[in-house]
$ cat start-v8.cif   # mmCIF, C-alpha atoms and all ligand atoms
data_protein
#
loop_
_atom_site.label_atom_id
_atom_site.label_comp_id
_atom_site.auth_asym_id
_atom_site.auth_seq_id
_atom_site.Cartn_x
_atom_site.Cartn_y
_atom_site.Cartn_z
CA MET A 1 -1.07 -23.18 35.39
CA ASP A 2 -4.29 -21.73 33.94
CA SER A 3 -5.00 -23.78 30.81
CA ASN A 4 -5.31 -20.66 28.63
CA THR A 5 -1.70 -19.69 29.31
CA GLN A 6 -0.35 -23.17 28.50
CA PRO A 7 1.63 -23.29 25.26
CA ILE A 8 0.46 -24.44 21.84
CA GLY A 9 2.53 -27.49 20.86
CA VAL A 10 3.75 -27.27 17.27
CA PHE A 11 5.78 -30.05 15.67
CA ASP A 12 7.51 -31.02 12.48
CA SER A 13 10.08 -33.46 11.11
CA GLY A 14 12.70 -30.71 11.32
CA VAL A 15 13.10 -27.04 10.66
CA GLY A 16 10.28 -26.51 8.13
CA GLY A 17 7.50 -26.23 10.70
CA LEU A 18 8.99 -22.90 11.74
CA THR A 19 7.04 -21.42 8.80
CA VAL A 20 3.89 -22.38 10.70
CA VAL A 21 5.30 -21.00 13.97
CA ARG A 22 6.00 -17.73 12.19
CA ALA A 23 2.39 -17.55 10.97
CA LEU A 24 1.10 -18.43 14.47
CA MET A 25 3.24 -15.69 16.05
CA GLU A 26 1.73 -13.18 13.65
CA ARG A 27 -1.88 -14.35 13.98
CA LEU A 28 -1.83 -15.13 17.73
CA PRO A 29 0.76 -12.79 19.28
CA ASN A 30 -0.33 -13.53 22.87
CA GLU A 31 0.17 -17.27 22.69
CA ASN A 32 3.04 -19.21 24.23
CA ILE A 33 4.50 -21.75 21.80
CA MET A 34 6.49 -24.94 22.31
CA TYR A 35 8.07 -26.28 19.11
CA PHE A 36 9.58 -29.68 18.50
CA GLY A 37 11.58 -30.40 15.33
CA ASP A 38 12.92 -33.93 14.84
CA THR A 39 16.15 -32.72 13.24
CA ALA A 40 18.02 -35.95 14.06
CA ARG A 41 15.64 -38.00 11.90
CA VAL A 42 14.52 -35.59 9.16
CA PRO A 43 13.51 -36.07 6.34
CA TYR A 44 10.22 -37.87 6.96
CA GLY A 45 9.00 -37.33 3.40
CA VAL A 46 10.70 -40.48 2.10
CA LYS A 47 10.02 -42.72 5.14
CA SER A 48 7.37 -45.41 5.60
CA ARG A 49 4.06 -44.88 7.36
CA SER A 50 4.95 -47.12 10.32
CA THR A 51 8.26 -45.36 11.01
CA ILE A 52 6.59 -41.94 10.85
CA GLU A 53 3.83 -43.13 13.19
CA THR A 54 6.40 -44.34 15.74
CA PHE A 55 8.38 -41.09 15.62
CA THR A 56 5.19 -39.03 15.80
CA GLY A 57 4.03 -40.93 18.91
CA GLN A 58 7.30 -40.02 20.64
CA ILE A 59 7.00 -36.33 19.73
CA VAL A 60 3.37 -36.10 20.85
CA ASP A 61 4.21 -37.84 24.16
CA PHE A 62 6.89 -35.23 24.78
CA LEU A 63 4.56 -32.31 24.07
CA LEU A 64 1.71 -33.75 26.15
CA GLN A 65 4.09 -34.24 29.08
CA ASN A 66 4.83 -30.53 28.76
CA GLN A 67 1.16 -29.60 29.23
CA VAL A 68 0.42 -28.08 25.84
CA LYS A 69 -3.19 -26.97 25.39
CA ALA A 70 -3.45 -27.72 21.66
CA LEU A 71 -1.42 -29.55 19.03
CA VAL A 72 -0.53 -28.16 15.62
CA ILE A 73 0.82 -30.69 13.11
CA ALA A 74 3.03 -28.37 11.08
CA CYS A 75 4.49 -31.16 8.94
CA ASN A 76 2.43 -32.22 5.92
CA THR A 77 4.04 -35.66 5.87
CA ILE A 78 3.14 -36.32 9.52
CA ALA A 79 -0.38 -34.97 9.00
CA ALA A 80 -0.75 -37.19 5.92
CA VAL A 81 0.10 -40.51 7.55
CA ALA A 82 -0.13 -40.07 11.33
CA GLY A 83 -2.87 -37.47 11.75
CA GLN A 84 -5.32 -39.99 13.20
CA LYS A 85 -2.77 -41.29 15.67
CA VAL A 86 -2.17 -37.73 16.91
CA GLN A 87 -5.90 -37.16 17.25
CA LYS A 88 -6.28 -40.35 19.31
CA MET A 89 -3.40 -39.45 21.63
CA ALA A 90 -4.73 -35.91 22.12
CA GLY A 91 -8.18 -36.96 23.37
CA ASN A 92 -10.36 -33.84 23.58
CA MET A 93 -7.54 -31.38 22.98
CA PRO A 94 -7.77 -29.33 19.76
CA VAL A 95 -5.56 -30.78 17.00
CA LEU A 96 -4.90 -28.69 13.91
CA SER A 97 -3.34 -30.02 10.76
CA VAL A 98 -1.76 -28.32 7.77
CA ILE A 99 -3.61 -30.76 5.50
CA GLU A 100 -7.14 -30.08 6.75
CA ALA A 101 -6.50 -26.31 6.76
CA GLY A 102 -4.91 -26.44 3.29
CA ALA A 103 -7.72 -28.55 1.81
CA GLN A 104 -10.39 -26.18 3.08
CA ALA A 105 -8.51 -23.13 1.84
CA ALA A 106 -8.07 -24.74 -1.59
CA LEU A 107 -11.81 -25.38 -1.86
CA ALA A 108 -12.55 -21.80 -0.84
CA THR A 109 -10.13 -20.55 -3.53
CA THR A 110 -10.77 -22.73 -6.60
CA LYS A 111 -13.30 -21.62 -9.18
CA ASN A 112 -13.07 -24.57 -11.59
CA ASN A 113 -12.67 -27.26 -8.87
CA HIS A 114 -9.30 -28.39 -10.29
CA ILE A 115 -6.82 -28.33 -7.41
CA GLY A 116 -3.12 -29.16 -7.67
CA VAL A 117 -0.95 -30.27 -4.75
CA ILE A 118 2.84 -30.34 -4.52
CA ALA A 119 4.31 -32.27 -1.60
CA THR A 120 6.81 -34.94 -0.51
CA ASN A 121 6.64 -38.51 -1.87
CA THR A 122 5.05 -39.88 1.30
CA THR A 123 2.38 -37.16 1.40
CA VAL A 124 1.49 -37.72 -2.26
CA ASN A 125 1.43 -41.53 -1.90
CA SER A 126 -0.89 -41.26 1.11
CA ASN A 127 -3.51 -39.44 -0.99
CA ALA A 128 -4.31 -37.44 2.15
CA TYR A 129 -4.97 -34.12 0.40
CA ALA A 130 -7.42 -35.72 -2.03
CA ARG A 131 -9.23 -37.42 0.86
CA ALA A 132 -9.42 -34.16 2.84
CA VAL A 133 -10.74 -32.25 -0.19
CA HIS A 134 -13.24 -34.97 -1.16
CA ALA A 135 -14.61 -35.10 2.40
CA HIS A 136 -15.93 -31.58 1.74
CA ASN A 137 -16.54 -31.76 -2.01
CA PRO A 138 -16.52 -35.15 -3.75
CA ASP A 139 -16.72 -33.45 -7.16
CA ALA A 140 -13.45 -31.55 -6.87
CA ARG A 141 -10.54 -32.88 -8.91
CA VAL A 142 -7.21 -33.18 -7.08
CA VAL A 143 -3.97 -33.71 -8.97
CA SER A 144 -0.86 -34.32 -6.88
CA GLN A 145 2.79 -34.14 -7.81
CA ALA A 146 5.67 -35.31 -5.62
CA THR A 147 8.37 -32.62 -5.66
CA PRO A 148 11.16 -34.02 -3.45
CA LEU A 149 13.96 -31.93 -5.00
CA LEU A 150 12.39 -28.70 -3.77
CA VAL A 151 13.03 -29.42 -0.06
CA PRO A 152 16.86 -29.37 -0.27
CA LEU A 153 16.79 -26.44 -2.73
CA VAL A 154 14.86 -24.32 -0.22
CA GLU A 155 17.17 -25.37 2.63
CA GLU A 156 20.11 -24.33 0.45
CA GLY A 157 18.48 -20.91 0.21
CA TRP A 158 18.08 -21.20 -3.59
CA ILE A 159 14.67 -19.64 -3.56
CA ASP A 160 15.37 -17.38 -6.54
CA HIS A 161 17.84 -19.54 -8.44
CA GLU A 162 17.80 -20.74 -12.02
CA VAL A 163 18.12 -24.39 -10.94
CA THR A 164 15.05 -24.06 -8.72
CA ARG A 165 13.13 -22.24 -11.46
CA LEU A 166 13.78 -25.05 -13.96
CA THR A 167 12.91 -27.70 -11.34
CA VAL A 168 9.64 -25.96 -10.51
CA ARG A 169 8.84 -25.57 -14.22
CA GLU A 170 9.35 -29.31 -14.79
CA TYR A 171 7.28 -30.31 -11.75
CA LEU A 172 4.42 -27.97 -12.69
CA LYS A 173 4.03 -29.34 -16.25
CA PRO A 174 1.73 -32.30 -15.42
CA LEU A 175 -0.36 -30.10 -13.12
CA LEU A 176 -0.83 -27.33 -15.68
CA VAL A 177 -1.99 -29.89 -18.26
CA GLU A 178 -4.85 -30.69 -15.87
CA ASP A 179 -5.99 -27.05 -15.95
CA ILE A 180 -5.62 -26.45 -12.20
CA ASP A 181 -6.52 -22.94 -11.02
CA THR A 182 -5.32 -23.47 -7.43
CA LEU A 183 -2.09 -25.00 -6.12
CA VAL A 184 -1.64 -26.18 -2.53
CA LEU A 185 1.90 -25.74 -1.24
CA GLY A 186 1.71 -29.07 0.58
CA CYS A 187 5.07 -29.01 2.33
CA THR A 188 6.46 -26.82 5.09
CA HIS A 189 9.26 -25.57 2.85
CA PHE A 190 7.23 -24.38 -0.12
CA PRO A 191 5.87 -21.03 1.14
CA HIS A 192 9.43 -19.78 0.48
CA LEU A 193 8.94 -20.53 -3.20
CA LYS A 194 5.78 -18.46 -3.60
CA PRO A 195 7.34 -15.64 -5.68
CA LEU A 196 9.11 -18.11 -7.97
CA ILE A 197 6.02 -20.30 -8.49
CA LYS A 198 3.87 -17.21 -9.03
CA ALA A 199 6.28 -16.04 -11.72
CA GLU A 200 6.14 -19.45 -13.43
CA ALA A 201 2.35 -19.80 -13.26
CA PRO A 202 0.82 -16.33 -12.69
CA GLN A 203 -2.72 -17.54 -13.47
CA ILE A 204 -2.73 -19.97 -10.51
CA GLU A 205 -3.78 -19.12 -6.95
CA LEU A 206 -1.39 -20.45 -4.30
CA VAL A 207 -2.58 -21.88 -0.98
CA ASP A 208 -0.05 -21.42 1.80
CA SER A 209 -0.93 -23.89 4.54
CA SER A 210 1.10 -22.01 7.17
CA THR A 211 -1.25 -19.02 7.22
CA THR A 212 -4.39 -21.13 6.83
CA THR A 213 -3.29 -23.34 9.74
CA ALA A 214 -2.64 -20.30 11.93
CA GLU A 215 -6.14 -19.02 11.14
CA ALA A 216 -7.68 -22.45 11.89
CA THR A 217 -5.77 -22.57 15.19
CA ALA A 218 -7.10 -19.13 16.17
CA GLN A 219 -10.65 -20.28 15.45
CA ALA A 220 -10.26 -23.59 17.30
CA LEU A 221 -8.79 -21.93 20.40
CA ALA A 222 -11.54 -19.32 20.42
CA ALA A 223 -14.23 -22.02 20.06
CA ALA A 224 -12.72 -24.02 22.94
CA GLY A 225 -12.39 -20.90 25.15
CA LEU A 226 -8.61 -21.44 25.20
CA LEU A 227 -7.27 -18.14 23.83
CA ASN A 228 -4.54 -16.57 25.96
CA THR A 229 -5.66 -13.09 26.96
CA SER A 230 -2.61 -12.37 29.13
CA ASN A 231 -0.54 -9.33 28.17
CA LEU A 232 2.73 -10.92 29.24
CA VAL A 233 5.50 -11.25 26.65
CA PRO A 234 4.93 -14.70 25.11
CA ASP A 235 7.30 -17.54 25.82
CA TYR A 236 8.71 -19.38 22.79
CA ARG A 237 10.58 -22.66 23.32
CA PHE A 238 12.35 -24.53 20.57
CA TYR A 239 13.30 -28.18 21.07
CA VAL A 240 15.15 -30.25 18.50
CA SER A 241 16.57 -33.80 18.51
CA ASP A 242 19.86 -32.65 16.99
CA ILE A 243 21.55 -29.34 16.28
CA PRO A 244 23.06 -29.95 12.84
CA LEU A 245 25.41 -27.59 11.05
CA ARG A 246 23.65 -24.45 9.80
CA PHE A 247 20.55 -25.20 11.89
CA GLN A 248 20.50 -21.71 13.37
CA THR A 249 20.90 -20.01 9.99
CA ILE A 250 18.27 -22.10 8.22
CA GLY A 251 15.90 -21.99 11.20
CA GLU A 252 16.06 -18.23 11.47
CA ARG A 253 15.38 -17.90 7.75
CA PHE A 254 12.24 -20.00 8.18
CA LEU A 255 11.14 -18.20 11.32
CA GLY A 256 11.98 -14.71 10.08
CA ARG A 257 13.54 -13.76 13.42
CA SER A 258 16.09 -14.93 15.96
CA LEU A 259 15.45 -18.37 17.45
CA GLY A 260 16.87 -17.45 20.84
CA GLN A 261 17.76 -20.50 22.89
CA ILE A 262 17.38 -23.93 21.28
CA GLU A 263 17.21 -26.99 23.51
CA MET A 264 18.25 -30.54 22.63
CA MET A 265 15.88 -33.39 23.43
CA SER A 266 16.56 -36.95 22.24
CA LEU A 267 13.51 -39.10 21.69
CA GLY A 268 13.13 -42.87 21.40
N1 LIG A 301 8.19 -31.17 6.89
C1 LIG A 301 8.05 -32.02 5.74
C2 LIG A 301 6.67 -31.79 5.10
O1 LIG A 301 6.02 -30.78 5.30
C3 LIG A 301 9.16 -31.80 4.71
C4 LIG A 301 10.51 -32.31 5.17
C5 LIG A 301 10.55 -33.82 5.37
O2 LIG A 301 10.52 -34.57 4.37
O3 LIG A 301 10.62 -34.25 6.52
O4 LIG A 301 6.19 -32.64 4.39
#
$ encode --input "start-v8.cif" --output "C-alpha cells"
Amino acid sequence: MDSNTQPIGVFDSGVGGLTVVRALMERLPNENIMYFGDTARVPYGVKSRSTIETFTGQIVDFLLQNQVKALVIACNTIAAVAGQKVQKMAGNMPVLSVIEAGAQAALATTKNNHIGVIATNTTVNSNAYARAVHAHNPDARVVSQATPLLVPLVEEGWIDHEVTRLTVREYLKPLLVEDIDTLVLGCTHFPHLKPLIKAEAPQIELVDSSTTTAEATAQALAAAGLLNTSNLVPDYRFYVSDIPLRFQTIGERFLGRSLGQIEMMSLG
C-alpha cells in the first residue's frame, strides 16, 4: 500500500476519542482512519501511570501492526502519562497529542498568560499541561482542576442539565479566582460542555483540543509529505476491546454520525 493512503491511527481509553475523530473527518476528509477505544478498561483517568503505560503499549502495538502512517493520541490521560512511550514506539512516524496541541492553542489564545485546565485526576496529577505550556512560555501561569464528575455526566447525555451546571460552577470557582482568561478542555468528553461552560463563564476563551489536534495533524502530515490525495471514499474502522451497553448510542453522539461496523479486539 502507498504510505499516503495508509490510515491515521487514533486511540483513546474508550469512546471519548471519537470527538477527535470527528474533528479529523472534518479537517482531513480524504484520510482513512483506524480508531481504537479501550472500552473494556476505561476509565484511565483514575489509573496509575504504570498501568496506563502497559495498556498504551498494547494499543500502539495493535495500530502499528495495522500499518498506520501516523498516531494521534486522542486521550488526554494517555498523552499526559504515556506520551513519551508512544513517541519511542513510533520511531520516525508523526505522533500528535491532544496535550501538545491544546497547550499551543492556549498560548495563542491567552492575553494575560493565566491559563486554566480542566481534566481527569491522572492528567492533573501528571502536571503535563503545565509542562507543555512552560516548554513554550515559562512565564505563563497554569492552574489545573481535576473534574472527574464531568466524564460520567457527559456520557449520561446531561450536557444541558442543572446538575451538570452546578458541578461545572463548583469546579470553575478556584480557576476563576486565579483570573484565567483561557480554559483548556483537557479531556475528550469536555467539548460537549462548551455551551454550558460558556454560559457559566462568558468572559473566558475555551480551547477545544479536538479541533486543535486535527489542525496539528493536518500540518504534520503535510510536512511529512503524507497527506492522502486520493479521491476514494475514505475508510473508517472502529475497534474496541468491549461493546458495552449503550456503546453505539454514546459513540454516535460523540462522533456526530453513524459508526457503521464496530469490531471487537481484545488486547493483553
Ligand atoms: N479519555 C479520557 C481523557 O481524555 C477520559 C476518560 C477516561 O478517564 O479514560 O482524559
$ residues_near_ligand --input "start-v8.cif" --ligand "ligand LIG 301 (chain A)" --cutoff "8 Å" --atoms "all atoms listed in the file" --output "JSON, numbers by chain"
{"A": [12, 13, 14, 15, 16, 17, 42, 43, 44, 45, 46, 74, 75, 76, 77, 78, 119, 120, 122, 123, 148, 151, 186, 187, 188, 189]}
$ residues_around --input "start-v8.cif" --residues "stretch 232-239 of chain A" --least-positions-apart "6" --cutoff "8 Å" --atoms "only C-alpha atoms" --output "PyMOL selection string"
chain A and resi 29-37+259+261-265
$ write_last_selection --input "start-v8.cif" --atoms "C-alpha atoms" --output "tab-separated table (two decimals), keeping the file's coordinate frame"
chain	number	residue	atom	x	y	z
A	29	PRO	CA	0.76	-12.79	19.28
A	30	ASN	CA	-0.33	-13.53	22.87
A	31	GLU	CA	0.17	-17.27	22.69
A	32	ASN	CA	3.04	-19.21	24.23
A	33	ILE	CA	4.50	-21.75	21.80
A	34	MET	CA	6.49	-24.94	22.31
A	35	TYR	CA	8.07	-26.28	19.11
A	36	PHE	CA	9.58	-29.68	18.50
A	37	GLY	CA	11.58	-30.40	15.33
A	259	LEU	CA	15.45	-18.37	17.45
A	261	GLN	CA	17.76	-20.50	22.89
A	262	ILE	CA	17.38	-23.93	21.28
A	263	GLU	CA	17.21	-26.99	23.51
A	264	MET	CA	18.25	-30.54	22.63
A	265	MET	CA	15.88	-33.39	23.43
$ residues_around --input "start-v8.cif" --residues "A:His192" --least-positions-apart "3" --cutoff "9 Å" --atoms "all atoms listed in the file" --output "NGL selection string"
:A and (19 or 154 or 159 or 188-189 or 195-196 or 254)
$ atom_distance --input "start-v8.cif" --atom1 "atom CA of A:Phe247" --atom2 "atom CA of A:Val124"
26.8 Å
$ closest_residue --input "start-v8.cif" --among "A:Ala105, A:Leu96, A:Ile115, A:Ala70" --to "A:Thr212" --atoms "only C-alpha atoms"
A:Ala105
$ residues_around --input "start-v8.cif" --residues "A:Ala103" --least-positions-apart "6" --cutoff "9 Å" --atoms "all atoms listed in the file" --output "list in words"
Tyr129, Ala130, Ala132, Val133, His134, His136, Val184, Val207 and Ser209 of chain A
$ atom_distance --input "start-v8.cif" --atom1 "atom CA of A:Gly83" --atom2 "atom CA of A:Lys47"
15.4 Å
$ atom_distance --input "start-v8.cif" --atom1 "atom CA of A:Thr213" --atom2 "atom CA of A:Ser241"
24.1 Å
$ closest_residue --input "start-v8.cif" --among "A:Asn121, A:Asn231, A:Gln145, A:Ser97" --to "A:Thr217" --atoms "all atoms listed in the file"
A:Ser97
$ closest_residue --input "start-v8.cif" --among "A:Thr229, A:Asn92, A:Gln203, A:Asn112" --to "A:Gln6" --atoms "all atoms listed in the file"
A:Thr229
$ closest_residue --input "start-v8.cif" --among "A:Ala80, A:Val21, A:Val163, A:Val98" --to "A:Arg131" --atoms "only C-alpha atoms"
A:Ala80
$ residues_around --input "start-v8.cif" --residues "A:Leu166" --least-positions-apart "6" --cutoff "12 Å" --atoms "only C-alpha atoms" --output "VMD selection string"
chain A and resid 149 to 150 153 158 to 160 172 to 173 196 to 197 199 to 200
$ write_last_selection --input "start-v8.cif" --atoms "C-alpha atoms" --output "short mmCIF file (atom, residue, chain, number, x, y, z; two decimals), keeping the file's coordinate frame"
data_model
loop_
_atom_site.label_atom_id
_atom_site.label_comp_id
_atom_site.auth_asym_id
_atom_site.auth_seq_id
_atom_site.Cartn_x
_atom_site.Cartn_y
_atom_site.Cartn_z
CA LEU A 149 13.96 -31.93 -5.00
CA LEU A 150 12.39 -28.70 -3.77
CA LEU A 153 16.79 -26.44 -2.73
CA TRP A 158 18.08 -21.20 -3.59
CA ILE A 159 14.67 -19.64 -3.56
CA ASP A 160 15.37 -17.38 -6.54
CA LEU A 172 4.42 -27.97 -12.69
CA LYS A 173 4.03 -29.34 -16.25
CA LEU A 196 9.11 -18.11 -7.97
CA ILE A 197 6.02 -20.30 -8.49
CA ALA A 199 6.28 -16.04 -11.72
CA GLU A 200 6.14 -19.45 -13.43
#
$ residues_around --input "start-v8.cif" --residues "A:Gly91" --least-positions-apart "6" --cutoff "12 Å" --atoms "only C-alpha atoms" --output "PDB file with C-alpha atoms, in the frame of the given file"
ATOM      1  CA  VAL A  60       3.370 -36.100  20.850  1.00  0.00           C
ATOM      2  CA  LEU A  64       1.710 -33.750  26.150  1.00  0.00           C
ATOM      3  CA  LYS A  69      -3.190 -26.970  25.390  1.00  0.00           C
ATOM      4  CA  ALA A  70      -3.450 -27.720  21.660  1.00  0.00           C
ATOM      5  CA  LEU A  71      -1.420 -29.550  19.030  1.00  0.00           C
ATOM      6  CA  GLN A  84      -5.320 -39.990  13.200  1.00  0.00           C
ATOM      7  CA  LYS A  85      -2.770 -41.290  15.670  1.00  0.00           C
TER       8      LYS A  85
END
$ closest_residue --input "start-v8.cif" --among "A:Ala201, A:Val143, A:Leu28, A:Ala108" --to "A:Leu175" --atoms "only C-alpha atoms"
A:Val143
